[in-house]
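Below you'll find the structure, written out as structure tokens, and then a few comments.
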Amino acid sequence: MKRNTGREGFTLVEMLVVIGIIAILVGASVGGYSFAVQRAEATRGRELVSNVATALNVMFQRQNRWPPSLLQESLGDGRLTARAAACLAVSGLMSLSHVSEEVDGETVYTLSGLDRCGIVTPWAAAVLKRTDPKMGASAALGLKVPGGGTVESHQLHFALDDDGDGIVEVRLDSQTLRVRANAVVWCWGQNGKEDSYSASMSGRGKADDIYSWTRAQEER
């Protein structure tokens with residue numbers, strides 16, 4: 001009688017080892033994918049901030065002045081709201097959905113649809129894409145963003161050179177910065193809150209705020 005010495009199948013220990021290896025590989029790939037997504041979103045955020053700053057500068061160069069509505073928003077809390085950002089849409093400098101209406105005999109432009117909250121970070125834009133475009137801006141601004149904050153806290157901020165001296169004053173971390181530019185733009189990043197300015201500019205720690213200017217443009 002011939003004896004079969006070949007092995008059939010795996011032992012329990014071998015199967016557990018294989019499952020463990022697969023789990024490690026899957027975990028590593030998921031972690032790598034999440035990191036790649038975060039980097040891609042941060043890159044889109046930097047591109048958005050840079051593009052908006054460029055659009056603002058081009059607008060000033062074309063007209064040699066700031067539109068009154070844009071200047072008024074800049075002197076307020078400096079958010080690129082639907083009304084403020086509409087200036088960029090009307091001038092053709094940014095592709096933003098907008099509508100017009102007559103208010104006291106004056107044509108007023110505002111953003112609509114997915115752009116109804118103004119210019120927001122990629123993290124907030126992803127939230128708005130999952131909502132009804134007909135939802136009012138006031139309701140949409142209160143929607144929570146997964147990374148932190150609400151849509152409102154993810155609106156881009158901006159400041160303009162309102163006196164023509166080539167210097168923009170920006171208040172951050174309870175300090176006023178003087179930046180050599182006609183217009184500057186920034187956002188609070190994925191967490192939707194203001195982080196340390198020094199940490200953000202140096203790229204250290206968990207600070208993820210994004211700015212359109214560099215340290216070299218600051219007046220010391």
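As shown in the structure tokens, the chain order sets the letters A, B, ...; within each chain, residues go from 1, and ligands are also counted from 1 in the order they appear.
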If we count only C-alpha atoms, what is near Ile119 in chain A at a cut-off of 8 Å, once residues fewer than 4 positions away on the same chain are taken out, given as a PyMOL selection string?
chain A and resi 80-82+85+115+155-156
Residues within 6 Å of Cys187 in chain A, only C-alpha atoms, excluding chain neighbours under 2 positions, as a PyMOL selection string
chain A and resi 156-157+189+209-210
Generate the output file for the selected residues, all heavy atoms, as a PDB file, in the first residue's frame.
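Ended up saving to result-v8.pdb:
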ATOM      1  N   LEU A 156     -12.923  81.585   2.185  1.00  0.00           N
ATOM      2  CA  LEU A 156     -11.608  82.217   2.052  1.00  0.00           C
ATOM      3  C   LEU A 156     -11.664  83.643   2.597  1.00  0.00           C
ATOM      4  O   LEU A 156     -12.705  84.307   2.536  1.00  0.00           O
ATOM      5  CB  LEU A 156     -11.163  82.240   0.587  1.00  0.00           C
ATOM      6  CG  LEU A 156     -10.286  81.071   0.138  1.00  0.00           C
ATOM      7  CD1 LEU A 156     -11.029  79.752   0.253  1.00  0.00           C
ATOM      8  CD2 LEU A 156      -9.813  81.271  -1.307  1.00  0.00           C
ATOM      9  N   HIS A 157     -10.538  84.092   3.124  1.00  0.00           N
ATOM     10  CA  HIS A 157     -10.403  85.464   3.612  1.00  0.00           C
ATOM     11  C   HIS A 157      -9.536  86.265   2.643  1.00  0.00           C
ATOM     12  O   HIS A 157      -8.701  85.696   1.944  1.00  0.00           O
ATOM     13  CB  HIS A 157      -9.741  85.480   4.992  1.00  0.00           C
ATOM     14  CG  HIS A 157     -10.508  84.755   6.046  1.00  0.00           C
ATOM     15  ND1 HIS A 157     -11.316  85.386   6.957  1.00  0.00           N
ATOM     16  CD2 HIS A 157     -10.591  83.431   6.343  1.00  0.00           C
ATOM     17  CE1 HIS A 157     -11.862  84.499   7.768  1.00  0.00           C
ATOM     18  NE2 HIS A 157     -11.435  83.304   7.412  1.00  0.00           N
ATOM     19  N   GLY A 189      -7.714  76.275   6.382  1.00  0.00           N
ATOM     20  CA  GLY A 189      -7.306  74.885   6.175  1.00  0.00           C
ATOM     21  C   GLY A 189      -8.358  73.867   6.549  1.00  0.00           C
ATOM     22  O   GLY A 189      -9.523  74.187   6.775  1.00  0.00           O
ATOM     23  N   ASP A 209      -3.145  76.104   7.930  1.00  0.00           N
ATOM     24  CA  ASP A 209      -3.618  77.314   7.263  1.00  0.00           C
ATOM     25  C   ASP A 209      -2.780  77.603   6.014  1.00  0.00           C
ATOM     26  O   ASP A 209      -1.598  77.263   5.945  1.00  0.00           O
ATOM     27  CB  ASP A 209      -3.554  78.508   8.214  1.00  0.00           C
ATOM     28  CG  ASP A 209      -4.452  78.308   9.434  1.00  0.00           C
ATOM     29  OD1 ASP A 209      -5.351  77.451   9.362  1.00  0.00           O
ATOM     30  OD2 ASP A 209      -4.251  79.001  10.438  1.00  0.00           O
ATOM     31  N   ILE A 210      -3.413  78.243   5.027  1.00  0.00           N
ATOM     32  CA  ILE A 210      -2.766  78.487   3.743  1.00  0.00           C
ATOM     33  C   ILE A 210      -2.797  79.980   3.434  1.00  0.00           C
ATOM     34  O   ILE A 210      -3.838  80.626   3.570  1.00  0.00           O
ATOM     35  CB  ILE A 210      -3.489  77.705   2.621  1.00  0.00           C
ATOM     36  CG1 ILE A 210      -3.498  76.200   2.933  1.00  0.00           C
ATOM     37  CG2 ILE A 210      -2.831  77.949   1.267  1.00  0.00           C
ATOM     38  CD1 ILE A 210      -4.396  75.391   2.023  1.00  0.00           C
TER      39      ILE A 210
END
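With CA of Ala40 in chain A on one side and CA of Val120 in chain A on the other, the separation reads 16.0 Å.
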Which neighbours of Lys206 in chain A fall inside 9 Å, counting only C-alpha atoms, when residues of the same chain fewer than 5 positions from it are skipped, and could you give them as number ranges by chain?
A: 195, 199-200
Close residues, Pro68 in chain A itself excluded, 12 Å, only C-alpha atoms, min 4 positions apart in chain, as number ranges by chain
A: 72-75, 83-84, 87, 108, 160, 162
Export N, CA and C atoms of the chosen residues as an mmCIF file, in the first residue's frame?
data_model
loop_
_atom_site.group_PDB
_atom_site.id
_atom_site.type_symbol
_atom_site.label_atom_id
_atom_site.label_comp_id
_atom_site.auth_asym_id
_atom_site.auth_seq_id
_atom_site.Cartn_x
_atom_site.Cartn_y
_atom_site.Cartn_z
ATOM 1 N N GLN A 72 -15.791 97.096 0.365
ATOM 2 C CA GLN A 72 -16.587 97.123 1.588
ATOM 3 C C GLN A 72 -16.448 95.818 2.366
ATOM 4 N N GLU A 73 -16.480 94.690 1.669
ATOM 5 C CA GLU A 73 -16.317 93.395 2.326
ATOM 6 C C GLU A 73 -14.918 93.259 2.920
ATOM 7 N N SER A 74 -13.929 93.798 2.234
ATOM 8 C CA SER A 74 -12.548 93.719 2.712
ATOM 9 C C SER A 74 -12.378 94.477 4.023
ATOM 10 N N LEU A 75 -13.057 95.608 4.132
ATOM 11 C CA LEU A 75 -12.952 96.413 5.347
ATOM 12 C C LEU A 75 -13.760 95.814 6.487
ATOM 13 N N ARG A 83 -21.485 87.764 -2.271
ATOM 14 C CA ARG A 83 -21.536 89.099 -2.886
ATOM 15 C C ARG A 83 -20.142 89.592 -3.251
ATOM 16 N N ALA A 84 -19.186 89.385 -2.373
ATOM 17 C CA ALA A 84 -17.825 89.845 -2.657
ATOM 18 C C ALA A 84 -17.215 89.093 -3.826
ATOM 19 N N CYS A 87 -17.880 89.711 -7.779
ATOM 20 C CA CYS A 87 -17.094 90.661 -8.584
ATOM 21 C C CYS A 87 -16.133 89.912 -9.503
ATOM 22 N N VAL A 108 -27.327 94.194 -8.578
ATOM 23 C CA VAL A 108 -26.473 93.534 -7.594
ATOM 24 C C VAL A 108 -26.262 92.086 -8.031
ATOM 25 N N LEU A 160 -7.202 93.878 1.040
ATOM 26 C CA LEU A 160 -6.792 94.671 -0.114
ATOM 27 C C LEU A 160 -5.968 95.884 0.309
ATOM 28 N N ASP A 162 -6.057 99.307 0.251
ATOM 29 C CA ASP A 162 -7.124 100.280 0.028
ATOM 30 C C ASP A 162 -6.633 101.718 -0.089
#
Tell me which protein, DNA and RNA residues are within 10 Å of Met94 in chain A, counting only C-alpha atoms, leaving out same-chain ones fewer than 2 positions away, and put them as a PyMOL selection string.
chain A and resi 51-52+55-56+85-92+96-97
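For Pro146 in chain A, the set of protein, DNA and RNA residues having any atom at most 9 Å away, when counting only C-alpha atoms and skipping those fewer than 4 positions along the same chain, is Trp123, Ala124, Val127, Thr150, Gln190 and Asn191 of chain A.
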Print the selection's residues with all heavy atoms to a file, as a PDB file, in the first residue's frame.
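Now in out-v2.pdb:
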ATOM      1  N   TRP A 123     -12.452  71.351   1.179  1.00  0.00           N
ATOM      2  CA  TRP A 123     -13.138  70.536   2.175  1.00  0.00           C
ATOM      3  C   TRP A 123     -14.611  70.937   2.295  1.00  0.00           C
ATOM      4  O   TRP A 123     -15.485  70.086   2.387  1.00  0.00           O
ATOM      5  CB  TRP A 123     -12.432  70.658   3.517  1.00  0.00           C
ATOM      6  CG  TRP A 123     -10.996  70.248   3.427  1.00  0.00           C
ATOM      7  CD1 TRP A 123     -10.509  68.970   3.431  1.00  0.00           C
ATOM      8  CD2 TRP A 123      -9.861  71.115   3.277  1.00  0.00           C
ATOM      9  NE1 TRP A 123      -9.134  68.992   3.305  1.00  0.00           N
ATOM     10  CE2 TRP A 123      -8.705  70.279   3.215  1.00  0.00           C
ATOM     11  CE3 TRP A 123      -9.700  72.481   3.193  1.00  0.00           C
ATOM     12  CZ2 TRP A 123      -7.425  70.805   3.065  1.00  0.00           C
ATOM     13  CZ3 TRP A 123      -8.424  72.996   3.041  1.00  0.00           C
ATOM     14  CH2 TRP A 123      -7.298  72.161   2.982  1.00  0.00           C
ATOM     15  N   ALA A 124     -14.888  72.236   2.277  1.00  0.00           N
ATOM     16  CA  ALA A 124     -16.269  72.704   2.345  1.00  0.00           C
ATOM     17  C   ALA A 124     -16.982  72.492   1.011  1.00  0.00           C
ATOM     18  O   ALA A 124     -18.176  72.188   0.986  1.00  0.00           O
ATOM     19  CB  ALA A 124     -16.304  74.179   2.727  1.00  0.00           C
ATOM     20  N   VAL A 127     -18.587  69.198   0.798  1.00  0.00           N
ATOM     21  CA  VAL A 127     -19.835  69.120   1.557  1.00  0.00           C
ATOM     22  C   VAL A 127     -20.980  69.718   0.748  1.00  0.00           C
ATOM     23  O   VAL A 127     -22.076  69.150   0.672  1.00  0.00           O
ATOM     24  CB  VAL A 127     -19.694  69.857   2.912  1.00  0.00           C
ATOM     25  CG1 VAL A 127     -21.043  69.972   3.610  1.00  0.00           C
ATOM     26  CG2 VAL A 127     -18.700  69.131   3.799  1.00  0.00           C
ATOM     27  N   THR A 150     -17.445  74.696  10.244  1.00  0.00           N
ATOM     28  CA  THR A 150     -18.610  74.705   9.359  1.00  0.00           C
ATOM     29  C   THR A 150     -18.202  75.290   8.012  1.00  0.00           C
ATOM     30  O   THR A 150     -17.076  75.768   7.842  1.00  0.00           O
ATOM     31  CB  THR A 150     -19.731  75.570   9.960  1.00  0.00           C
ATOM     32  OG1 THR A 150     -19.262  76.929  10.069  1.00  0.00           O
ATOM     33  CG2 THR A 150     -20.145  75.062  11.331  1.00  0.00           C
ATOM     34  N   GLN A 190      -7.955  72.599   6.633  1.00  0.00           N
ATOM     35  CA  GLN A 190      -8.889  71.503   6.836  1.00  0.00           C
ATOM     36  C   GLN A 190      -9.632  71.568   8.163  1.00  0.00           C
ATOM     37  O   GLN A 190     -10.803  71.211   8.250  1.00  0.00           O
ATOM     38  CB  GLN A 190      -8.167  70.162   6.732  1.00  0.00           C
ATOM     39  CG  GLN A 190      -9.088  68.961   6.840  1.00  0.00           C
ATOM     40  CD  GLN A 190      -8.347  67.641   6.700  1.00  0.00           C
ATOM     41  OE1 GLN A 190      -7.129  67.605   6.730  1.00  0.00           O
ATOM     42  NE2 GLN A 190      -9.076  66.561   6.547  1.00  0.00           N
ATOM     43  N   ASN A 191      -8.959  72.056   9.230  1.00  0.00           N
ATOM     44  CA  ASN A 191      -9.620  72.057  10.542  1.00  0.00           C
ATOM     45  C   ASN A 191     -10.570  73.244  10.728  1.00  0.00           C
ATOM     46  O   ASN A 191     -11.264  73.335  11.730  1.00  0.00           O
ATOM     47  CB  ASN A 191      -8.583  72.035  11.675  1.00  0.00           C
ATOM     48  CG  ASN A 191      -7.646  73.236  11.636  1.00  0.00           C
ATOM     49  OD1 ASN A 191      -7.926  74.240  10.997  1.00  0.00           O
ATOM     50  ND2 ASN A 191      -6.519  73.121  12.316  1.00  0.00           N
TER      51      ASN A 191
END
If we count only C-alpha atoms, what is near Arg171 in chain A at a cut-off of 12 Å, once residues fewer than 2 positions away on the same chain are taken out, given as a PyMOL selection string?
chain A and resi 75+77-78+157-159+168-169+173-179+184+186+194+197
With N, CA, C and O atoms kept, could you save the residues just selected as a compact mmCIF listing (two decimals), in the first residue's frame?
# COMPACT_ATOMS: atom_id res chain seq x y z
N LEU A 75 -13.06 95.61 4.13
CA LEU A 75 -12.95 96.41 5.35
C LEU A 75 -13.76 95.81 6.49
O LEU A 75 -13.61 96.21 7.63
N ASP A 77 -15.13 91.81 7.72
CA ASP A 77 -14.37 90.67 8.27
C ASP A 77 -13.51 89.99 7.22
O ASP A 77 -12.88 88.98 7.48
N GLY A 78 -13.50 90.56 6.01
CA GLY A 78 -12.58 90.06 4.98
C GLY A 78 -12.88 88.66 4.48
O GLY A 78 -11.95 87.89 4.22
N HIS A 157 -10.54 84.09 3.12
CA HIS A 157 -10.40 85.46 3.61
C HIS A 157 -9.54 86.26 2.64
O HIS A 157 -8.70 85.70 1.94
N PHE A 158 -9.72 87.58 2.65
CA PHE A 158 -8.88 88.41 1.78
C PHE A 158 -8.72 89.80 2.38
O PHE A 158 -9.50 90.22 3.24
N ALA A 159 -7.69 90.47 1.94
CA ALA A 159 -7.45 91.86 2.35
C ALA A 159 -6.86 92.59 1.15
O ALA A 159 -6.14 92.01 0.34
N VAL A 168 -0.55 95.74 2.14
CA VAL A 168 -1.81 95.23 2.68
C VAL A 168 -1.60 94.90 4.15
O VAL A 168 -0.61 94.26 4.51
N GLU A 169 -2.50 95.37 4.98
CA GLU A 169 -2.41 95.06 6.41
C GLU A 169 -3.34 93.88 6.74
O GLU A 169 -4.52 93.90 6.40
N ASP A 173 -3.25 86.23 14.54
CA ASP A 173 -2.66 85.93 15.85
C ASP A 173 -2.53 87.18 16.71
O ASP A 173 -1.52 87.41 17.38
N SER A 174 -3.56 88.04 16.66
CA SER A 174 -3.57 89.28 17.45
C SER A 174 -2.42 90.20 17.09
O SER A 174 -1.99 91.03 17.91
N GLN A 175 -1.89 90.06 15.89
CA GLN A 175 -0.85 90.96 15.42
C GLN A 175 -1.21 91.44 14.02
O GLN A 175 -1.95 90.78 13.30
N THR A 176 -0.71 92.62 13.65
CA THR A 176 -0.99 93.16 12.33
C THR A 176 0.25 93.00 11.46
O THR A 176 1.31 93.53 11.78
N LEU A 177 0.10 92.27 10.36
CA LEU A 177 1.18 92.08 9.42
C LEU A 177 1.05 93.08 8.28
O LEU A 177 -0.06 93.41 7.86
N ARG A 178 2.17 93.54 7.80
CA ARG A 178 2.19 94.41 6.63
C ARG A 178 2.85 93.63 5.48
O ARG A 178 4.03 93.28 5.56
N VAL A 179 2.05 93.37 4.44
CA VAL A 179 2.51 92.54 3.34
C VAL A 179 2.57 93.36 2.06
O VAL A 179 1.62 94.09 1.74
N VAL A 184 -4.18 90.06 -0.86
CA VAL A 184 -3.72 88.78 -0.30
C VAL A 184 -4.94 87.94 0.06
O VAL A 184 -6.03 88.47 0.33
N TRP A 186 -6.20 84.08 2.11
CA TRP A 186 -5.79 82.98 2.97
C TRP A 186 -7.03 82.19 3.42
O TRP A 186 -8.16 82.63 3.25
N GLU A 194 -8.34 79.06 12.95
CA GLU A 194 -7.07 79.74 12.82
C GLU A 194 -6.00 79.04 13.66
O GLU A 194 -6.16 78.87 14.86
N TYR A 197 0.18 81.32 13.19
CA TYR A 197 0.69 81.82 11.91
C TYR A 197 2.12 81.35 11.68
O TYR A 197 2.48 80.90 10.59
Picked from chain A by DSSP as alpha helix (DSSP H), as a short mmCIF file (atom, residue, chain, number, x, y, z; two decimals) with N, CA and C atoms, in the first residue's frame:
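File produced: part_16.cif:
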data_model
loop_
_atom_site.label_atom_id
_atom_site.label_comp_id
_atom_site.auth_asym_id
_atom_site.auth_seq_id
_atom_site.Cartn_x
_atom_site.Cartn_y
_atom_site.Cartn_z
N LEU A 12 -3.95 25.85 10.92
CA LEU A 12 -4.59 27.03 11.51
C LEU A 12 -3.57 28.14 11.73
N VAL A 13 -2.40 27.79 12.19
CA VAL A 13 -1.36 28.80 12.45
C VAL A 13 -0.96 29.49 11.16
N GLU A 14 -0.78 28.69 10.09
CA GLU A 14 -0.38 29.28 8.80
C GLU A 14 -1.47 30.23 8.28
N MET A 15 -2.72 29.85 8.43
CA MET A 15 -3.81 30.71 7.96
C MET A 15 -3.86 32.01 8.74
N LEU A 16 -3.63 31.93 10.04
CA LEU A 16 -3.62 33.14 10.86
C LEU A 16 -2.47 34.06 10.47
N VAL A 17 -1.32 33.49 10.13
CA VAL A 17 -0.18 34.29 9.70
C VAL A 17 -0.50 35.01 8.39
N VAL A 18 -1.09 34.27 7.44
CA VAL A 18 -1.45 34.86 6.15
C VAL A 18 -2.47 35.98 6.33
N ILE A 19 -3.49 35.73 7.15
CA ILE A 19 -4.51 36.75 7.41
C ILE A 19 -3.89 37.99 8.05
N GLY A 20 -2.95 37.76 8.98
CA GLY A 20 -2.27 38.89 9.62
C GLY A 20 -1.49 39.72 8.63
N ILE A 21 -0.78 39.05 7.71
CA ILE A 21 0.01 39.76 6.69
C ILE A 21 -0.91 40.57 5.79
N ILE A 22 -2.03 39.95 5.38
CA ILE A 22 -2.98 40.66 4.52
C ILE A 22 -3.55 41.88 5.24
N ALA A 23 -3.85 41.73 6.52
CA ALA A 23 -4.40 42.85 7.29
C ALA A 23 -3.40 44.00 7.37
N ILE A 24 -2.12 43.68 7.55
CA ILE A 24 -1.08 44.71 7.61
C ILE A 24 -0.97 45.43 6.27
N LEU A 25 -0.99 44.68 5.17
CA LEU A 25 -0.89 45.28 3.84
C LEU A 25 -2.09 46.18 3.54
N VAL A 26 -3.29 45.70 3.91
CA VAL A 26 -4.49 46.51 3.68
C VAL A 26 -4.44 47.79 4.51
N GLY A 27 -4.02 47.66 5.77
CA GLY A 27 -3.93 48.84 6.63
C GLY A 27 -2.94 49.85 6.09
N ALA A 28 -1.81 49.36 5.60
CA ALA A 28 -0.80 50.26 5.05
C ALA A 28 -1.31 50.96 3.80
N SER A 29 -2.03 50.22 2.95
CA SER A 29 -2.53 50.82 1.71
C SER A 29 -3.62 51.84 1.99
N VAL A 30 -4.50 51.55 2.97
CA VAL A 30 -5.55 52.49 3.33
C VAL A 30 -4.95 53.76 3.92
N GLY A 31 -3.94 53.58 4.80
CA GLY A 31 -3.27 54.74 5.38
C GLY A 31 -2.58 55.57 4.31
N GLY A 32 -1.94 54.90 3.36
CA GLY A 32 -1.27 55.60 2.27
C GLY A 32 -2.26 56.34 1.39
N TYR A 33 -3.42 55.72 1.16
CA TYR A 33 -4.46 56.36 0.34
C TYR A 33 -5.00 57.60 1.04
N SER A 34 -5.28 57.49 2.34
CA SER A 34 -5.79 58.63 3.10
C SER A 34 -4.80 59.79 3.09
N PHE A 35 -3.52 59.46 3.25
CA PHE A 35 -2.49 60.50 3.22
C PHE A 35 -2.44 61.17 1.86
N ALA A 36 -2.57 60.37 0.79
CA ALA A 36 -2.55 60.91 -0.57
C ALA A 36 -3.74 61.84 -0.80
N VAL A 37 -4.91 61.45 -0.28
CA VAL A 37 -6.11 62.28 -0.43
C VAL A 37 -5.93 63.60 0.30
N GLN A 38 -5.39 63.54 1.52
CA GLN A 38 -5.16 64.76 2.30
C GLN A 38 -4.19 65.69 1.59
N ARG A 39 -3.13 65.13 1.03
CA ARG A 39 -2.16 65.95 0.31
C ARG A 39 -2.78 66.58 -0.93
N ALA A 40 -3.63 65.81 -1.62
CA ALA A 40 -4.28 66.33 -2.82
C ALA A 40 -5.22 67.48 -2.47
N GLU A 41 -5.97 67.34 -1.36
CA GLU A 41 -6.88 68.41 -0.94
C GLU A 41 -6.10 69.66 -0.53
N ALA A 42 -5.00 69.46 0.18
CA ALA A 42 -4.17 70.60 0.57
C ALA A 42 -3.59 71.30 -0.65
N THR A 43 -3.21 70.53 -1.66
CA THR A 43 -2.67 71.10 -2.89
C THR A 43 -3.75 71.92 -3.60
N ARG A 44 -4.97 71.37 -3.65
CA ARG A 44 -6.08 72.12 -4.27
C ARG A 44 -6.36 73.40 -3.49
N GLY A 45 -6.23 73.33 -2.16
CA GLY A 45 -6.43 74.52 -1.34
C GLY A 45 -5.40 75.59 -1.66
N ARG A 46 -4.14 75.19 -1.79
CA ARG A 46 -3.08 76.16 -2.12
C ARG A 46 -3.29 76.77 -3.50
N GLU A 47 -3.71 75.94 -4.44
CA GLU A 47 -3.96 76.43 -5.79
C GLU A 47 -5.13 77.42 -5.80
N LEU A 48 -6.17 77.11 -5.03
CA LEU A 48 -7.33 77.99 -4.96
C LEU A 48 -6.95 79.34 -4.38
N VAL A 49 -6.24 79.33 -3.27
CA VAL A 49 -5.81 80.58 -2.62
C VAL A 49 -4.94 81.39 -3.58
N SER A 50 -4.02 80.74 -4.24
CA SER A 50 -3.14 81.42 -5.19
C SER A 50 -3.92 81.99 -6.37
N ASN A 51 -4.86 81.20 -6.92
CA ASN A 51 -5.64 81.65 -8.08
C ASN A 51 -6.53 82.84 -7.74
N VAL A 52 -7.12 82.83 -6.55
CA VAL A 52 -7.98 83.94 -6.15
C VAL A 52 -7.15 85.20 -5.96
N ALA A 53 -5.98 85.06 -5.35
CA ALA A 53 -5.10 86.22 -5.16
C ALA A 53 -4.69 86.79 -6.51
N THR A 54 -4.38 85.91 -7.46
CA THR A 54 -4.01 86.37 -8.81
C THR A 54 -5.18 87.09 -9.47
N ALA A 55 -6.39 86.53 -9.33
CA ALA A 55 -7.58 87.14 -9.93
C ALA A 55 -7.83 88.54 -9.36
N LEU A 56 -7.66 88.68 -8.04
CA LEU A 56 -7.84 89.99 -7.42
C LEU A 56 -6.83 91.01 -7.94
N ASN A 57 -5.59 90.58 -8.06
CA ASN A 57 -4.55 91.48 -8.56
C ASN A 57 -4.81 91.88 -10.01
N VAL A 58 -5.26 90.93 -10.83
CA VAL A 58 -5.57 91.23 -12.23
C VAL A 58 -6.74 92.21 -12.31
N MET A 59 -7.74 92.02 -11.46
CA MET A 59 -8.89 92.92 -11.44
C MET A 59 -8.45 94.36 -11.17
N PHE A 60 -7.55 94.52 -10.20
CA PHE A 60 -7.08 95.87 -9.88
C PHE A 60 -6.28 96.47 -11.03
N GLN A 61 -5.44 95.65 -11.66
CA GLN A 61 -4.63 96.13 -12.78
C GLN A 61 -5.50 96.55 -13.96
N ARG A 62 -6.62 95.86 -14.16
CA ARG A 62 -7.52 96.21 -15.25
C ARG A 62 -8.25 97.52 -15.00
N GLN A 63 -8.73 97.70 -13.79
CA GLN A 63 -9.59 98.84 -13.47
C GLN A 63 -8.89 99.96 -12.73
N PRO A 68 -16.56 98.87 -5.36
CA PRO A 68 -17.03 99.27 -4.03
C PRO A 68 -17.49 98.11 -3.15
N SER A 69 -18.23 97.17 -3.74
CA SER A 69 -18.74 96.05 -2.93
C SER A 69 -17.60 95.17 -2.42
N LEU A 70 -16.57 94.99 -3.23
CA LEU A 70 -15.42 94.18 -2.82
C LEU A 70 -14.64 94.90 -1.73
N LEU A 71 -14.45 96.19 -1.90
CA LEU A 71 -13.72 96.97 -0.90
C LEU A 71 -14.46 97.00 0.42
N GLN A 72 -15.79 97.10 0.36
CA GLN A 72 -16.59 97.12 1.59
C GLN A 72 -16.45 95.82 2.37
N GLU A 73 -16.48 94.69 1.67
CA GLU A 73 -16.32 93.40 2.33
C GLU A 73 -14.92 93.26 2.92
N SER A 74 -13.93 93.80 2.23
CA SER A 74 -12.55 93.72 2.71
C SER A 74 -12.38 94.48 4.02
N LEU A 75 -13.06 95.61 4.13
CA LEU A 75 -12.95 96.41 5.35
C LEU A 75 -13.76 95.81 6.49
N ALA A 82 -20.56 85.44 -1.01
CA ALA A 82 -21.18 85.36 -2.33
C ALA A 82 -21.21 86.71 -3.02
N ARG A 83 -21.49 87.76 -2.27
CA ARG A 83 -21.54 89.10 -2.89
C ARG A 83 -20.14 89.59 -3.25
N ALA A 84 -19.19 89.38 -2.37
CA ALA A 84 -17.82 89.84 -2.66
C ALA A 84 -17.21 89.09 -3.83
N ALA A 85 -17.35 87.77 -3.81
CA ALA A 85 -16.74 86.96 -4.87
C ALA A 85 -17.44 87.13 -6.21
N ALA A 86 -18.68 87.63 -6.20
CA ALA A 86 -19.40 87.84 -7.46
C ALA A 86 -18.65 88.81 -8.36
N CYS A 87 -17.88 89.71 -7.78
CA CYS A 87 -17.09 90.66 -8.58
C CYS A 87 -16.13 89.91 -9.50
N LEU A 88 -15.56 88.83 -9.00
CA LEU A 88 -14.62 88.05 -9.79
C LEU A 88 -15.35 87.28 -10.88
N ALA A 89 -16.57 86.83 -10.56
CA ALA A 89 -17.35 86.08 -11.54
C ALA A 89 -17.80 86.98 -12.68
N VAL A 90 -18.32 88.16 -12.35
CA VAL A 90 -18.83 89.10 -13.35
C VAL A 90 -17.71 89.57 -14.28
N PRO A 122 -11.60 73.44 -0.52
CA PRO A 122 -12.01 72.16 -1.10
C PRO A 122 -12.78 71.28 -0.12
N TRP A 123 -12.45 71.35 1.18
CA TRP A 123 -13.14 70.54 2.17
C TRP A 123 -14.61 70.94 2.29
N ALA A 124 -14.89 72.24 2.28
CA ALA A 124 -16.27 72.70 2.34
C ALA A 124 -16.98 72.49 1.01
N ALA A 125 -16.26 72.64 -0.09
CA ALA A 125 -16.85 72.43 -1.41
C ALA A 125 -17.38 71.01 -1.55
N ALA A 126 -16.65 70.05 -0.97
CA ALA A 126 -17.08 68.65 -1.03
C ALA A 126 -18.39 68.46 -0.29
N VAL A 127 -18.59 69.20 0.80
CA VAL A 127 -19.84 69.12 1.56
C VAL A 127 -20.98 69.72 0.75
N LEU A 128 -20.75 70.87 0.12
CA LEU A 128 -21.79 71.54 -0.65
C LEU A 128 -22.23 70.72 -1.86
N LYS A 129 -21.32 69.96 -2.43
CA LYS A 129 -21.66 69.14 -3.59
C LYS A 129 -22.66 68.04 -3.25
N ALA A 137 -28.22 79.97 1.25
CA ALA A 137 -26.84 80.14 1.71
C ALA A 137 -26.75 80.16 3.23
N SER A 138 -27.73 80.79 3.89
CA SER A 138 -27.69 80.89 5.35
C SER A 138 -27.72 79.51 6.00
N ALA A 139 -28.49 78.58 5.41
CA ALA A 139 -28.56 77.22 5.95
C ALA A 139 -27.29 76.45 5.60
N ALA A 140 -26.81 76.62 4.36
CA ALA A 140 -25.62 75.88 3.92
C ALA A 140 -24.38 76.29 4.69
N TYR A 197 0.18 81.32 13.19
CA TYR A 197 0.69 81.82 11.91
C TYR A 197 2.12 81.35 11.68
N SER A 198 2.95 81.43 12.69
CA SER A 198 4.35 81.01 12.56
C SER A 198 4.45 79.53 12.21
N ALA A 199 3.60 78.71 12.86
CA ALA A 199 3.62 77.27 12.59
C ALA A 199 3.15 76.98 11.17
N SER A 200 2.14 77.72 10.72
CA SER A 200 1.61 77.49 9.37
C SER A 200 2.64 77.86 8.32
N MET A 201 3.32 78.98 8.51
CA MET A 201 4.29 79.44 7.52
C MET A 201 5.55 78.57 7.51
N SER A 202 5.86 77.94 8.64
CA SER A 202 7.06 77.10 8.71
C SER A 202 6.75 75.65 8.36
#
Based on DSSP run over this structure's backbone, return all residues of chain A in strand (DSSP E), as an MDAnalysis selection string.
chainID A and resid 98:103 106:111 157:160 167:172 175:180 183:187 210:211
